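Asks: For reference, this is coords22.cif, and it has mmCIF, C-alpha atoms.
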```
data_model
loop_
_atom_site.label_atom_id
_atom_site.label_comp_id
_atom_site.auth_asym_id
_atom_site.auth_seq_id
_atom_site.Cartn_x
_atom_site.Cartn_y
_atom_site.Cartn_z
CA MET A 1 -32.41 -109.72 123.69
CA VAL A 2 -30.19 -110.65 126.64
CA LEU A 3 -27.50 -111.81 124.22
CA ASN A 4 -27.65 -108.44 122.44
CA ILE A 5 -27.26 -106.59 125.75
CA ILE A 6 -24.27 -108.78 126.66
CA ARG A 7 -22.74 -108.18 123.23
CA LEU A 8 -23.29 -104.39 123.53
CA SER A 9 -21.78 -104.30 127.03
CA PHE A 10 -18.78 -106.32 125.93
CA GLY A 11 -18.33 -104.07 122.86
CA SER A 12 -18.49 -100.92 125.01
CA PHE A 13 -16.01 -102.38 127.48
CA LEU A 14 -13.64 -103.30 124.66
CA PHE A 15 -13.95 -99.80 123.13
CA LEU A 16 -13.27 -98.05 126.45
CA PHE A 17 -10.33 -100.38 127.12
CA ILE A 18 -8.74 -99.52 123.78
CA VAL A 19 -9.34 -95.76 124.24
CA ALA A 20 -7.80 -95.93 127.72
CA CYS A 21 -4.70 -97.62 126.35
CA VAL A 22 -4.30 -95.28 123.35
CA ASN A 23 -4.74 -92.04 125.38
CA LYS A 24 -2.24 -92.94 128.03
CA PRO A 25 -1.16 -90.08 130.30
CA LYS A 26 2.05 -88.18 129.57
CA SER A 27 5.11 -89.91 130.80
CA LYS A 28 6.04 -89.08 134.37
CA ASP A 29 9.57 -88.56 133.15
CA ASN A 30 8.43 -85.67 130.92
CA ILE A 31 6.46 -84.03 133.73
CA VAL A 32 9.40 -84.35 136.12
CA SER A 33 11.71 -83.01 133.41
CA ASN A 34 9.52 -79.91 132.78
CA LYS A 35 9.24 -79.27 136.51
CA LYS A 36 13.01 -79.56 136.80
CA ILE A 37 13.55 -77.08 133.96
CA LEU A 38 11.25 -74.53 135.61
CA LYS A 39 12.83 -75.22 139.01
CA ASP A 40 16.28 -74.57 137.55
CA CYS A 41 14.95 -71.56 135.65
CA ARG A 42 17.05 -68.61 136.79
CA TYR A 43 15.74 -65.05 136.57
CA TYR A 44 18.34 -62.50 135.62
CA ALA A 45 16.77 -59.17 134.65
CA TYR A 46 19.57 -58.12 132.29
CA ASP A 47 19.21 -61.25 130.12
CA VAL A 48 15.43 -61.04 130.10
CA HIS A 49 15.66 -57.39 129.08
CA GLN A 50 17.67 -58.57 126.05
CA ILE A 51 14.88 -61.01 125.11
CA VAL A 52 12.24 -58.29 125.49
CA SER A 53 14.42 -55.87 123.56
CA ASN A 54 14.99 -58.38 120.73
CA LEU A 55 11.30 -59.22 120.55
CA GLY A 56 10.76 -55.49 120.12
CA CYS A 57 7.99 -55.22 122.72
CA TYR A 58 8.93 -51.59 123.44
CA ASN A 59 8.48 -50.56 119.82
CA CYS A 60 4.71 -50.69 120.19
CA HIS A 61 4.10 -51.08 123.93
CA ILE A 62 5.90 -47.92 124.86
CA TRP A 63 7.24 -46.98 128.29
CA ALA A 64 5.77 -43.94 130.00
CA SER A 65 2.17 -43.32 130.62
CA LYS A 66 1.26 -41.64 127.40
CA ARG A 67 -0.23 -43.50 124.49
CA LEU A 68 0.17 -42.31 120.97
CA ASN A 69 -2.11 -45.04 119.72
CA GLU A 70 -4.64 -47.69 120.70
CA ILE A 71 -1.96 -50.18 121.75
CA SER A 72 -1.43 -50.91 125.46
CA THR A 73 1.57 -49.29 127.09
CA PHE A 74 4.14 -51.49 128.82
CA GLU A 75 2.75 -50.43 132.20
CA GLU A 76 -0.74 -51.48 131.11
CA LEU A 77 0.63 -54.90 130.15
CA ALA A 78 2.18 -55.11 133.63
CA GLU A 79 -1.26 -54.72 135.19
CA MET A 80 -2.64 -57.76 133.36
CA ASP A 81 -3.01 -61.13 135.06
CA SER A 82 -0.03 -63.41 134.29
CA LEU A 83 -2.10 -66.20 132.74
CA LYS A 84 -4.04 -63.73 130.64
CA LEU A 85 -0.75 -62.17 129.62
CA ILE A 86 0.59 -65.51 128.35
CA ASN A 87 -2.47 -66.05 126.17
CA TYR A 88 -2.70 -62.40 125.20
CA ALA A 89 0.93 -61.90 124.31
CA PHE A 90 2.10 -65.22 123.00
CA THR A 91 -0.84 -66.73 121.22
CA LYS A 92 -4.00 -64.77 120.50
CA LYS A 93 -2.79 -61.27 119.78
CA HIS A 94 -0.28 -59.82 117.32
CA LYS A 95 -2.30 -61.01 114.32
CA GLY A 96 0.02 -63.97 113.82
CA TRP A 97 2.98 -61.67 113.11
CA TYR A 98 5.16 -63.56 115.59
CA SER A 99 4.08 -67.08 114.60
CA LYS A 100 6.51 -69.46 112.92
CA THR A 101 5.27 -68.32 109.51
CA GLY A 102 4.47 -64.69 110.39
CA SER A 103 6.20 -61.57 109.15
CA PHE A 104 8.14 -61.25 112.42
CA LYS A 105 9.05 -64.95 112.68
CA THR A 106 12.73 -64.09 113.18
CA ALA A 107 11.81 -62.57 116.55
CA ARG A 108 11.22 -66.21 117.63
CA MET A 109 8.40 -65.40 120.06
CA ASP A 110 6.86 -68.82 119.35
CA THR A 111 10.09 -70.62 120.01
CA LEU A 112 10.91 -69.20 123.44
CA THR A 113 11.47 -71.89 126.06
CA ASP A 114 9.10 -72.28 129.01
CA CYS A 115 11.75 -70.74 131.23
CA GLU A 116 12.19 -67.74 128.91
CA ILE A 117 8.42 -67.19 128.72
CA LYS A 118 8.15 -67.40 132.51
CA ASN A 119 10.95 -64.85 132.88
CA VAL A 120 9.52 -62.50 130.26
CA ILE A 121 6.17 -62.54 132.08
CA ARG A 122 7.93 -61.74 135.36
CA TYR A 123 9.88 -58.93 133.68
CA ILE A 124 6.67 -57.41 132.33
CA LYS A 125 4.94 -57.75 135.71
CA ASP A 126 7.95 -56.23 137.51
CA ALA A 127 7.67 -53.15 135.29
CA GLY A 128 4.55 -52.20 137.22
CA ARG A 129 6.08 -52.80 140.63
CA ASN A 130 8.66 -49.99 140.66
CA ILE A 131 11.28 -52.34 142.05
CA PRO A 132 14.31 -50.26 143.00
CA MET A 133 17.45 -50.98 141.02
CA PRO A 134 20.39 -51.10 143.43
CA SER A 135 24.04 -50.31 142.75
CA HIS A 136 26.93 -51.13 144.97
CA MET B 137 -8.27 -33.47 132.88
CA PRO B 138 -5.46 -36.04 132.73
CA THR B 139 -1.96 -34.73 133.46
CA ASP B 140 -0.70 -36.07 130.13
CA LEU B 141 -3.24 -34.02 128.25
CA ILE B 142 -2.32 -30.90 130.22
CA ASP B 143 1.35 -31.49 129.42
CA GLU B 144 0.52 -31.97 125.75
CA LEU B 145 -1.43 -28.69 125.72
CA LYS B 146 1.37 -26.85 127.53
CA SER B 147 3.89 -28.28 125.11
CA ASN B 148 1.84 -27.20 122.09
CA ILE B 149 1.25 -23.72 123.54
CA SER B 150 5.00 -23.37 124.20
CA LEU B 151 5.70 -24.34 120.62
CA LEU B 152 3.12 -21.89 119.26
CA GLN B 153 4.56 -19.10 121.42
CA ASN B 154 8.05 -20.15 120.41
CA GLN B 155 8.97 -20.64 124.06
CA PRO B 156 11.51 -23.27 125.03
CA LEU B 157 10.06 -26.64 126.01
CA SER B 158 11.08 -27.97 129.40
CA GLY B 159 11.44 -31.33 131.11
CA GLY B 160 13.87 -34.21 131.33
CA ILE B 161 13.77 -34.79 127.57
CA VAL B 162 13.19 -32.03 125.03
CA ALA B 163 13.43 -32.94 121.37
CA LYS B 164 13.43 -30.75 118.29
CA ASN B 165 13.94 -31.14 114.56
CA LEU B 166 12.81 -34.77 114.57
CA ARG B 167 12.68 -36.50 111.21
CA ILE B 168 13.01 -39.91 109.56
CA SER B 169 15.00 -40.84 106.50
CA ASP B 170 14.19 -44.14 104.74
CA ASN B 171 16.90 -45.65 102.51
CA GLY B 172 14.31 -47.93 100.90
CA SER B 173 16.23 -51.06 101.86
CA GLY B 174 14.93 -51.58 105.36
CA GLU B 175 17.02 -49.00 107.17
CA LEU B 176 15.54 -45.94 108.82
CA THR B 177 17.81 -43.15 110.02
CA LEU B 178 16.35 -41.00 112.76
CA TYR B 179 17.50 -37.43 113.25
CA GLY B 180 16.85 -35.06 116.13
CA ASP B 181 18.31 -32.59 118.60
CA PHE B 182 17.74 -33.66 122.19
CA THR B 183 18.28 -31.80 125.44
CA ILE B 184 18.48 -34.08 128.47
CA THR B 185 18.27 -32.46 131.91
CA LEU B 186 19.04 -34.16 135.21
CA LYS B 187 18.30 -32.16 138.37
CA VAL B 188 20.35 -32.89 141.49
CA LEU B 189 18.83 -32.31 144.92
CA ASP B 190 21.29 -32.18 147.83
CA LEU B 191 19.67 -33.69 150.93
CA THR B 192 22.87 -34.36 152.88
CA THR B 193 23.10 -33.33 156.53
CA ASN B 194 26.60 -31.86 156.42
CA GLY B 195 26.56 -30.54 152.86
CA ALA B 196 28.33 -31.92 149.81
CA PRO B 197 31.43 -29.85 149.01
CA ASP B 198 32.40 -32.02 146.01
CA LEU B 199 28.93 -31.95 144.50
CA ASN B 200 29.72 -29.48 141.71
CA SER B 201 32.74 -31.50 140.64
CA LEU B 202 30.71 -34.74 140.67
CA MET B 203 27.91 -33.12 138.68
CA THR B 204 30.35 -31.80 136.05
CA PHE B 205 31.93 -35.25 135.76
CA THR B 206 28.50 -36.87 135.45
CA GLN B 207 27.43 -34.39 132.76
CA GLN B 208 30.60 -35.07 130.76
CA VAL B 209 30.29 -38.85 130.98
CA ILE B 210 26.59 -38.90 130.05
CA THR B 211 27.38 -36.67 127.06
CA SER B 212 30.24 -38.88 125.95
CA LYS B 213 28.28 -42.13 126.36
CA LEU B 214 25.33 -40.82 124.33
CA ARG B 215 27.57 -39.36 121.62
CA GLY B 216 27.83 -41.13 118.30
CA GLY B 217 24.21 -42.23 118.11
CA GLY B 218 23.20 -45.86 118.12
CA TYR B 219 22.20 -48.70 115.86
CA LYS B 220 19.72 -51.48 116.32
CA SER B 221 18.64 -54.12 113.83
CA GLY B 222 15.61 -56.39 113.90
CA ILE B 223 13.16 -53.66 114.87
CA ASN B 224 9.70 -54.99 114.12
CA PHE B 225 7.25 -52.23 113.45
CA LEU B 226 4.67 -50.84 111.08
CA LYS B 227 5.83 -50.10 107.54
CA TYR B 228 6.98 -46.54 106.96
CA ASN B 229 5.63 -44.67 103.96
CA ALA B 230 8.24 -42.06 103.12
CA VAL B 231 5.95 -40.27 100.64
CA LYS B 232 3.08 -39.86 103.10
CA LYS B 233 5.50 -39.52 106.04
CA ALA B 234 3.36 -41.91 108.04
CA PHE B 235 3.39 -45.47 109.36
CA ASP B 236 0.96 -47.85 107.70
CA LYS B 237 -1.33 -49.42 110.32
CA ASP B 238 -1.94 -52.52 108.22
CA LYS B 239 1.56 -53.38 107.02
CA THR B 240 4.53 -54.54 109.04
CA TRP B 241 8.24 -54.44 108.38
CA THR B 242 11.49 -55.37 110.09
CA TYR B 243 13.84 -52.40 110.13
CA SER B 244 17.36 -51.53 111.07
CA ILE B 245 17.35 -48.24 112.90
CA ARG B 246 20.23 -45.79 112.91
CA TYR B 247 19.88 -43.19 115.65
CA ASN B 248 21.55 -40.01 114.48
CA PHE B 249 20.67 -37.89 117.51
CA ASN B 250 22.53 -34.88 118.85
CA PHE B 251 22.51 -34.56 122.62
CA SER B 252 22.95 -31.62 124.88
CA VAL B 253 23.11 -32.74 128.52
CA ASN B 254 22.47 -30.52 131.55
CA VAL B 255 23.12 -31.60 135.12
CA ILE B 256 21.92 -28.81 137.38
CA GLN B 257 21.53 -28.43 141.12
CA ILE B 258 18.21 -27.52 142.70
CA ASN B 259 17.50 -26.59 146.33
CA MET B 260 13.73 -26.84 146.58
CA LEU B 261 11.13 -29.36 145.45
CA ASN B 262 9.22 -26.60 143.68
CA GLN B 263 12.11 -26.43 141.22
CA LEU B 264 11.08 -29.88 140.00
CA ARG B 265 8.54 -30.38 137.25
CA GLY B 266 6.50 -33.50 136.71
CA ASN B 267 8.54 -34.57 133.71
CA ASP B 268 12.00 -33.85 135.14
CA PHE B 269 14.64 -36.42 135.95
CA VAL B 270 16.00 -36.14 139.48
CA LEU B 271 18.92 -37.50 141.46
CA ALA B 272 18.66 -36.96 145.22
CA VAL B 273 21.89 -37.08 147.22
CA VAL B 274 21.59 -38.53 150.74
CA ASP B 275 23.80 -39.41 153.73
CA SER B 276 23.36 -43.18 153.48
CA ILE B 277 21.19 -46.00 152.15
CA GLY B 278 20.30 -48.96 154.37
CA HIS B 279 18.90 -51.07 151.53
CA GLN B 280 20.76 -54.28 150.74
CA PHE B 281 20.48 -56.60 147.77
CA THR B 282 21.55 -60.15 147.03
CA ASP B 283 23.37 -60.75 143.75
CA GLN B 284 22.83 -63.81 141.56
CA TYR B 285 25.75 -65.55 143.29
CA GLY B 286 24.05 -65.19 146.70
CA LYS B 287 26.31 -62.44 148.03
CA ARG B 288 24.76 -59.53 149.97
CA HIS B 289 25.68 -55.93 149.16
CA TYR B 290 24.78 -52.54 150.52
CA SER B 291 23.29 -50.21 147.91
CA GLY B 292 25.23 -47.08 147.03
CA GLY B 293 22.41 -45.89 144.82
CA LEU B 294 18.80 -46.83 144.14
CA THR B 295 16.66 -45.96 141.14
CA ASN B 296 12.90 -46.23 141.30
CA GLY B 297 12.27 -48.11 138.10
CA LYS B 298 12.68 -46.91 134.53
CA GLY B 299 12.04 -43.20 134.12
CA GLY B 300 11.87 -42.79 137.89
CA PRO B 301 13.82 -40.74 140.43
CA ALA B 302 17.19 -41.95 141.71
CA VAL B 303 18.82 -41.62 145.12
CA ILE B 304 22.56 -41.82 145.74
CA THR B 305 24.83 -41.82 148.81
CA TYR B 306 27.19 -38.86 148.71
CA ASP B 307 30.21 -40.62 150.25
CA ILE B 308 29.93 -43.59 147.87
CA TRP B 309 29.47 -41.29 144.89
CA LYS B 310 32.75 -39.59 145.86
CA LYS B 311 34.50 -42.98 145.85
CA ASN B 312 32.84 -44.14 142.61
CA ARG B 313 32.40 -41.08 140.41
CA TYR B 314 30.53 -43.09 137.75
CA LEU B 315 27.73 -43.99 140.15
CA GLY B 316 25.61 -40.96 139.17
CA VAL B 317 25.81 -41.95 135.49
CA HIS B 318 25.03 -45.57 136.34
CA GLU B 319 21.89 -44.53 138.21
CA PHE B 320 20.80 -42.14 135.47
CA PHE B 321 21.18 -44.89 132.86
CA HIS B 322 18.77 -46.97 134.95
CA THR B 323 16.37 -44.06 134.58
CA LEU B 324 16.97 -44.27 130.82
CA GLY B 325 15.95 -47.92 130.80
CA LEU B 326 19.09 -50.03 131.35
CA ASP B 327 19.30 -52.96 133.75
CA ASP B 328 22.14 -54.04 136.03
CA ILE B 329 24.80 -56.52 134.93
CA GLU B 330 26.04 -59.12 137.42
CA ASP B 331 27.93 -61.38 135.05
CA HIS B 332 31.53 -61.57 136.32
CA GLY B 333 32.66 -61.77 132.70
CA LYS B 334 31.39 -58.24 132.07
CA LYS B 335 33.17 -56.27 134.77
CA GLU B 336 34.33 -53.72 132.24
CA ARG B 337 30.77 -52.49 131.67
CA LEU B 338 29.29 -49.39 133.29
CA MET B 339 26.09 -51.23 134.20
CA TYR B 340 27.99 -53.98 136.08
CA HIS B 341 26.84 -53.19 139.59
CA LEU B 342 28.90 -55.28 141.94
CA ASP B 343 31.95 -53.90 143.69
CA ASP B 344 34.83 -54.68 141.37
CA ASN B 345 34.31 -52.84 138.07
CA THR B 346 37.28 -52.80 135.72
CA GLY B 347 35.78 -50.33 133.22
CA GLN B 348 32.77 -48.23 132.28
CA SER B 349 31.88 -49.22 128.74
CA ILE B 350 28.41 -49.15 127.19
CA SER B 351 27.51 -51.69 124.50
CA ASP B 352 25.91 -50.74 121.19
CA THR B 353 22.76 -52.59 122.24
CA GLU B 354 22.60 -50.62 125.49
CA ARG B 355 23.11 -47.34 123.63
CA GLY B 356 20.39 -48.33 121.16
CA ASP B 357 18.05 -49.22 124.04
CA MET B 358 18.65 -45.82 125.66
CA MET B 359 18.05 -44.00 122.38
CA HIS B 360 14.81 -45.91 121.99
CA PHE B 361 13.77 -45.06 125.55
CA ILE B 362 14.57 -41.37 124.98
CA MET B 363 12.62 -41.35 121.71
CA GLY B 364 9.78 -43.38 123.25
CA ASP B 365 7.86 -44.18 120.11
CA LEU B 366 8.84 -44.19 116.45
CA ARG B 367 5.62 -42.35 115.60
CA ARG B 368 6.81 -39.49 117.80
CA MET B 369 9.50 -38.84 115.18
CA LEU B 370 6.74 -37.61 112.85
CA LYS B 371 5.72 -34.85 115.25
CA GLY B 372 8.83 -32.73 114.85
CA ASN B 373 9.14 -31.68 118.51
CA TYR B 374 8.22 -33.02 121.91
CA SER B 375 9.03 -32.98 125.59
CA ASN B 376 8.61 -36.11 127.68
CA VAL B 377 5.35 -36.71 129.47
CA SER B 378 4.80 -36.17 133.17
CA ASN B 379 5.93 -39.01 135.41
CA ASN B 380 4.79 -37.00 138.43
CA THR B 381 8.41 -36.90 139.55
CA ILE B 382 7.82 -34.97 142.79
CA GLN B 383 5.23 -37.44 144.07
CA LEU B 384 7.34 -40.43 142.97
CA LEU B 385 10.37 -39.02 144.77
CA ARG B 386 8.33 -38.30 147.91
CA ILE B 387 7.01 -41.88 148.05
CA PHE B 388 10.38 -43.40 147.17
CA ILE B 389 12.41 -41.43 149.71
CA ASN B 390 9.91 -42.04 152.52
CA ASN B 391 9.75 -45.78 151.86
CA LYS B 392 11.34 -47.24 155.01
CA THR B 393 12.47 -50.43 153.26
CA ASN B 394 14.91 -48.30 151.24
CA GLY B 395 16.52 -47.02 154.45
CA PHE B 396 17.47 -43.53 153.23
CA LYS B 397 19.13 -41.24 155.80
CA TYR B 398 19.01 -37.59 154.87
CA ASN B 399 18.30 -34.12 156.19
CA LYS B 400 14.51 -34.01 156.23
CA ALA B 401 14.54 -30.22 156.68
CA LYS B 402 16.03 -29.94 153.18
CA PHE B 403 13.21 -31.97 151.64
CA ARG B 404 10.78 -29.14 151.20
#
```
Can the structure in the file be given as structure tokens, please?
Replies:
Amino acid sequence: MVLNIIRLSFGSFLFLFIVACVNKPKSKDNIVSNKKILKDCRYYAYDVHQIVSNLGCYNCHIWASKRLNEISTFEELAEMDSLKLINYAFTKKHKGWYSKTGSFKTARMDTLTDCEIKNVIRYIKDAGRNIPMPSH
Amino acid sequence: MPTDLIDELKSNISLLQNQPLSGGIVAKNLRISDNGSGELTLYGDFTITLKVLDLTTNGAPDLNSLMTFTQQVITSKLRGGGYKSGINFLKYNAVKKAFDKDKTWTYSIRYNFNFSVNVIQINMLNQLRGNDFVLAVVDSIGHQFTDQYGKRHYSGGLTNGKGGPAVITYDIWKKNRYLGVHEFFHTLGLDDIEDHGKKERLMYHLDDNTGQSISDTERGDMMHFIMGDLRRMLKGNYSNVSNNTIQLLRIFINNKTNGFKYNKAKFR
């Protein structure tokens, strides 16, 4: 009985040891690298507008307050929480049209970099902030 | 009753009574032609109206000349239509003249729009409608911005987001006659350019422009903004919805962070 308990304990310890080694945490280098990319991520509204324009967001999520359909306007997207927006826009919605195998795969929504996604989210959020556009 | 619905009703009543539609954008004779190979050509006659409100303390003697110049440049920049490829949208059924909700398609869009542009002066706020575009002319703007290179600039003009009212300093407009067009194109959805390699572009907004060109992409983006929604092309006519321009202008011009100096007695 005692021998069985010792064997079971040893087996569990061995199993946990192996699992701990196999599921090692992501390399610190990768984490630092991602942080560096986002730190160096520059927001330039004109370039982000080009991304949004190429994705074709405005084709369905129209400007102006009036809906012609059941799809959210651009201003309504701007009111959404940023994290919700990432899930809503880039993964769950759009019926897979923008996935790597979807009918709109050339719009490369699924292949935007972290920096580009961050900037697109900011661009969408800024649309609801009425930020004045200055000219010299 | 929502303002949009009221505007829609007014628009429909105007159409039924054969009265002219009014507002910043009025469109007639809208239609779509499908070449069957992924290219849609959009046709329509558009009237764009920009109303100019003089709020300067000492008057603006060159205002008429600046407005005429602005009208001519806007007309010339919008002329020739626009073209945009890679437009992802619902599939168009040319027989039913409707977009299929369940099928998608990637189109090239050719904008074959005719534009008539009006730039007219107004003296009172009650001459503004909710769906008008407006450019207010003031004595000065205290607002400053930092460009992407870290340099600070005073603002000669400020536009309150896409579709919103714009404010411009009279003296700076006199020095840079394209400034009114630049601001109006913000209203039509374009962003500023700060790339030193693109100084020849109208939307370059730092102090050393070498030209005033508009790219095909920018023209296509403006056409799309003016049209609003491809499905609107099926309706034949429309005028743009209310942005509550008067209220937006009131809030914008009284926002102290913008630092507008103007004759408050004229803002009535």
Asks: Evaluate the PyMOL selection byres ((chain B) within 9 of (chain A)) here and jot the selected residues down as a ChimeraX atom specification.
Replies: /B:140-141,221-225,240-242,279-281,284,289-300,302,308,315,318-319,322,326-330,339-343,353,357,360-361,364-368,376-379,388,394
Asks: When you look at stretch 250-263 of chain B with a cut-off of 8 Å (counting all atoms listed in the file), what residues show up, excluding the ones that are within fewer than 6 positions of it in the same chain? I need them as an MDAnalysis selection string.
Replies: chainID B and resid 179:190 203:204 206:207 210:211 214:215 217 382 402:404
Asks: So how many Å separate atom CA of B:Ser351 and atom CA of B:Leu178, to one decimal?
Replies: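 Answer for the atom CA of B:Ser351 to atom CA of B:Leu178 separation: 19.4 Å.
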Asks: In Å, with one decimal, what is the gap from atom CA of B:Asn399 to atom CA of B:Phe321?
Replies: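 About the pair atom CA of B:Asn399 and atom CA of B:Phe321: they are 25.9 Å apart.
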Asks: For B:Gly372, find every residue with an atom within 7 Å (counting only C-alpha atoms), except residues of its own chain fewer than 4 positions away, and show them as a PyMOL selection string.
Replies: chain B and resi 164-167
Asks: Output as AutoDock Vina command-line options the centre and edge lengths (Å, one decimal) of the box along x, y and z of the file that holds every listed atom of stretch 288-305 of chain B after adding 4 Å on each side.
Replies:
```
--center_x 18.8 --center_y -50.1 --center_z 142.3 --size_x 21.8 --size_y 26.8 --size_z 24.4
```
Asks: Evaluate the PyMOL selection byres ((chain A and resi 124) around 9) here and jot the selected residues down as a list in words.
Replies: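 So the PyMOL selection byres ((chain A and resi 124) around 9), applied here, picks out Val52, Phe74, Glu75, Leu77, Ala78, Glu79, Asn119, Val120, Ile121, Arg122, Tyr123, Lys125, Asp126, Ala127 and Gly128 of chain A.
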Asks: Could you write out the selected residues, including C-alpha atoms, as an mmCIF file, keeping the file's coordinate frame?
Replies:
```
data_model
loop_
_atom_site.group_PDB
_atom_site.id
_atom_site.type_symbol
_atom_site.label_atom_id
_atom_site.label_comp_id
_atom_site.auth_asym_id
_atom_site.auth_seq_id
_atom_site.Cartn_x
_atom_site.Cartn_y
_atom_site.Cartn_z
ATOM 1 C CA VAL A 52 12.240 -58.290 125.490
ATOM 2 C CA PHE A 74 4.140 -51.490 128.820
ATOM 3 C CA GLU A 75 2.750 -50.430 132.200
ATOM 4 C CA LEU A 77 0.630 -54.900 130.150
ATOM 5 C CA ALA A 78 2.180 -55.110 133.630
ATOM 6 C CA GLU A 79 -1.260 -54.720 135.190
ATOM 7 C CA ASN A 119 10.950 -64.850 132.880
ATOM 8 C CA VAL A 120 9.520 -62.500 130.260
ATOM 9 C CA ILE A 121 6.170 -62.540 132.080
ATOM 10 C CA ARG A 122 7.930 -61.740 135.360
ATOM 11 C CA TYR A 123 9.880 -58.930 133.680
ATOM 12 C CA LYS A 125 4.940 -57.750 135.710
ATOM 13 C CA ASP A 126 7.950 -56.230 137.510
ATOM 14 C CA ALA A 127 7.670 -53.150 135.290
ATOM 15 C CA GLY A 128 4.550 -52.200 137.220
#
```
Asks: I'd like the contact shell of B:Trp309 - 12 Å cut-off, only C-alpha atoms, skipping same-chain residues fewer than 2 positions apart - returned as an NGL selection string.
Replies: (:A and (135-136)) or (:B and (196 or 198-199 or 201-203 or 205-206 or 271-277 or 291-293 or 303-307 or 311-319))
Asks: What does the structure give for the distance between atom CA of B:Lys233 and atom CA of B:Ile168, in Å to one decimal?
Replies: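 Separating atom CA of B:Lys233 from atom CA of B:Ile168 is a distance of 8.3 Å.
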